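Enquirer: Take this structure first; my questions come after.
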Amino acid sequence: MILYQTALSSYSLKVRLALALKGCSVELRDPPEGSYRSAAYRELVPPATVPALVDDGIVLTESDAIIEYVEETTKGSPLLPAGAAGRARARMMSRLCDLRLEASLRRLFPAIKAGTALAEADLSPAREAWLLLGATADADGPFACGPAPTMPDCGVAAALVWLDLLGGDRPGPPEQPRLRVWRDAIDRESRWQDMLRTYRATARAWIDAARAPG
């Protein structure tokens with residue numbers, strides 16, 4: 001398997017975190033010519049997005065589709081809970097993360113690129129999405145769907161890096177106890193610590209460069 005990805009892409013990180021849980025080894029590659037917008041990459045991956053998984057002639061984009069393919073074709077720790085209800089809930093939470101939390105953070109990127117300071121109101125949708133995820137998470141936890149990390153936790157872990165970097169020093173709604181437990185579980189997940197540390201540094205460098213004068 002080959003995973004085309006970039007160091008700054010949160011969706012690429014999401015898939016890499018899932019692969020780490022699964023214990024699945026893949027070849028990581030940057031897009032040809034250094035950009036997922038390049039013609040060479042579009043020839044390989046017509047949607048021209050990252051991440052993209054290439055495996056024996058199959059080309060997959062969209063992080064959840066990639067993760068579920070890995071789940072169904074490789075051995076290792078499960079990336080989805082057992083049972084139809086558990087798996088549906090995990091898919092629901094992963095979509096909520098992508099469409100609410102991740103999307104609300106992504107909408108801030110143009111302002112960051114322009115070096116514009118973020119107002120408190122800019123961060124409210126992301127905080128509200130995080131609270132929503134906490135309200136839909138498994139009550140006992142500590143992860144989204146129970147005692148072990150699964151697909152939605154991968155997206156949440158990636159998104160929380162940005163939420164912390166962009167709004168961690170700002171006042172906001174009190175974090176719910178369930179969210180604190182969830183964050184602690186993500187921070188303690190040994191298979192993720194190095195990747196999250198590296199990604200945080202990459203994201204911080206990008207933000208600092210965008211905010212630098214001139």
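Each chain in the structure tokens gets a letter, A, B and so on, in the order shown; residues start at 1 in every chain, and ligands are counted from 1 in the order they appear.
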Applying 10 Å and only C-alpha atoms, which residues near Pro149 (chain A) remain after dropping the ones on its own chain fewer than 6 positions away? List them as a VMD selection string.

Expert: chain A and resid 18 21 77 to 81 141 to 143 182 185 to 186 189

Enquirer: Would you put the residues from that selection into a file with C-alpha atoms, as a PDB file, in the first residue's frame?

Expert:
ATOM      1  CA  ALA A  18      -5.585   4.904  12.168  1.00  0.00           C
ATOM      2  CA  LEU A  21      -3.720   1.705  15.696  1.00  0.00           C
ATOM      3  CA  SER A  77      -6.579  -3.757  16.299  1.00  0.00           C
ATOM      4  CA  PRO A  78     -10.129  -2.940  15.154  1.00  0.00           C
ATOM      5  CA  LEU A  79     -10.763   0.544  13.836  1.00  0.00           C
ATOM      6  CA  LEU A  80     -14.531   0.181  14.256  1.00  0.00           C
ATOM      7  CA  PRO A  81     -16.453  -1.238  17.233  1.00  0.00           C
ATOM      8  CA  GLY A 141     -15.498   6.258  27.391  1.00  0.00           C
ATOM      9  CA  PRO A 142     -12.793   7.154  27.678  1.00  0.00           C
ATOM     10  CA  PHE A 143     -12.717   7.242  23.857  1.00  0.00           C
ATOM     11  CA  TRP A 182     -11.458  12.019  26.219  1.00  0.00           C
ATOM     12  CA  ALA A 185      -7.107   9.336  26.766  1.00  0.00           C
ATOM     13  CA  ILE A 186      -5.931  10.695  23.411  1.00  0.00           C
ATOM     14  CA  GLU A 189      -2.354   6.769  23.623  1.00  0.00           C
TER      15      GLU A 189
END

Enquirer: With a distance cut-off of 6 Å and only C-alpha atoms, select the neighbouring residues of region 51-55 of chain A, excluding the residue or stretch itself and same-chain residues fewer than 3 positions from it, and output the selection as a list in words.

Expert: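 Here the qualifying residues turn out to be Met1, Ile2, Leu3, Tyr4, Gln5, Ser12, Ile58, Val59, Leu60 and Thr61 of chain A.
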
Enquirer: With distances taken over only C-alpha atoms, which of A:Ala85, A:Ala103, A:Leu165, A:Ala129 is nearest to Tyr199 (chain A)?

Expert: A:Leu165

Enquirer: Can you tell me which residues surround region 87-101 of chain A at a distance of at most 12 Å, considering only C-alpha atoms, apart from same-chain residues fewer than 3 positions away, and format the answer as a PyMOL selection string?

Expert: chain A and resi 10-11+14+62-65+67-68+71+78-84+104-108+123-138+143-146+148-163

Enquirer: Write out as a list in words each polymer residue whose atoms come within 12 Å of Asp208 (chain A), counting only C-alpha atoms; drop sequence neighbours fewer than 2 positions from it.

Expert: Ile112, Lys113, Ala114, Gly115, Thr116, Ala117, Leu165, Leu166, Ala201, Thr202, Ala203, Arg204, Ala205, Trp206, Ala210, Arg211, Ala212 and Pro213 of chain A

Enquirer: Would you export the selected residues with N, CA, C and O atoms as a tab-separated table (two decimals), in the first residue's frame, please?

Expert:
chain	number	residue	atom	x	y	z
A	112	ILE	N	-5.93	32.92	8.85
A	112	ILE	CA	-4.59	32.63	9.37
A	112	ILE	C	-3.54	32.92	8.30
A	112	ILE	O	-2.50	33.55	8.56
A	113	LYS	N	-3.79	32.47	7.06
A	113	LYS	CA	-2.85	32.70	5.97
A	113	LYS	C	-2.62	34.20	5.73
A	113	LYS	O	-1.54	34.62	5.34
A	114	ALA	N	-3.69	34.97	5.96
A	114	ALA	CA	-3.58	36.42	5.76
A	114	ALA	C	-2.96	37.12	6.95
A	114	ALA	O	-2.75	38.34	6.93
A	115	GLY	N	-2.66	36.37	8.01
A	115	GLY	CA	-2.07	36.96	9.20
A	115	GLY	C	-3.06	37.72	10.05
A	115	GLY	O	-2.67	38.53	10.89
A	116	THR	N	-4.36	37.46	9.85
A	116	THR	CA	-5.40	38.17	10.58
A	116	THR	C	-5.61	37.53	11.95
A	116	THR	O	-5.68	36.31	12.08
A	117	ALA	N	-5.72	38.37	12.98
A	117	ALA	CA	-5.98	37.85	14.32
A	117	ALA	C	-7.40	37.30	14.38
A	117	ALA	O	-8.34	37.88	13.83
A	165	LEU	N	-4.09	24.99	19.27
A	165	LEU	CA	-3.16	26.00	18.79
A	165	LEU	C	-3.85	27.33	18.47
A	165	LEU	O	-3.28	28.40	18.67
A	166	LEU	N	-5.09	27.23	18.01
A	166	LEU	CA	-5.79	28.45	17.61
A	166	LEU	C	-6.59	29.08	18.73
A	166	LEU	O	-6.85	30.27	18.71
A	201	ALA	N	4.12	20.46	16.08
A	201	ALA	CA	5.23	21.34	15.72
A	201	ALA	C	5.08	21.84	14.28
A	201	ALA	O	5.37	23.02	13.99
A	202	THR	N	4.64	20.97	13.37
A	202	THR	CA	4.45	21.37	11.98
A	202	THR	C	3.35	22.42	11.86
A	202	THR	O	3.50	23.43	11.15
A	203	ALA	N	2.23	22.19	12.55
A	203	ALA	CA	1.13	23.14	12.50
A	203	ALA	C	1.51	24.47	13.13
A	203	ALA	O	1.18	25.55	12.61
A	204	ARG	N	2.23	24.41	14.24
A	204	ARG	CA	2.67	25.64	14.91
A	204	ARG	C	3.59	26.44	14.01
A	204	ARG	O	3.47	27.67	13.93
A	205	ALA	N	4.51	25.77	13.31
A	205	ALA	CA	5.42	26.48	12.42
A	205	ALA	C	4.65	27.16	11.29
A	205	ALA	O	4.98	28.28	10.88
A	206	TRP	N	3.62	26.50	10.78
A	206	TRP	CA	2.81	27.08	9.70
A	206	TRP	C	2.06	28.33	10.20
A	206	TRP	O	2.02	29.34	9.52
A	210	ALA	N	2.69	32.29	9.05
A	210	ALA	CA	1.60	33.10	8.53
A	210	ALA	C	1.44	34.40	9.28
A	210	ALA	O	1.08	35.45	8.72
A	211	ARG	N	1.75	34.37	10.57
A	211	ARG	CA	1.58	35.56	11.40
A	211	ARG	C	2.81	36.44	11.47
A	211	ARG	O	2.75	37.55	12.01
A	212	ALA	N	3.90	35.98	10.90
A	212	ALA	CA	5.14	36.75	10.95
A	212	ALA	C	5.01	38.04	10.13
A	212	ALA	O	4.42	38.02	9.03
A	213	PRO	N	5.53	39.14	10.60
A	213	PRO	CA	5.45	40.40	9.85
A	213	PRO	C	6.14	40.28	8.49
A	213	PRO	O	7.17	39.61	8.36

Enquirer: Going by DSSP on the backbone, which residues of region 24-127 of chain A come out as helix (DSSP H, G or I)? List them as a ChimeraX atom specification.

Expert: /A:32-34,39-44,63-73,84-106,109-113,120-127

Enquirer: For CA of Trp192 (chain A) and CA of Pro31 (chain A), determine how far apart the two atoms are, in Å to one decimal place.

Expert: 23.6 Å
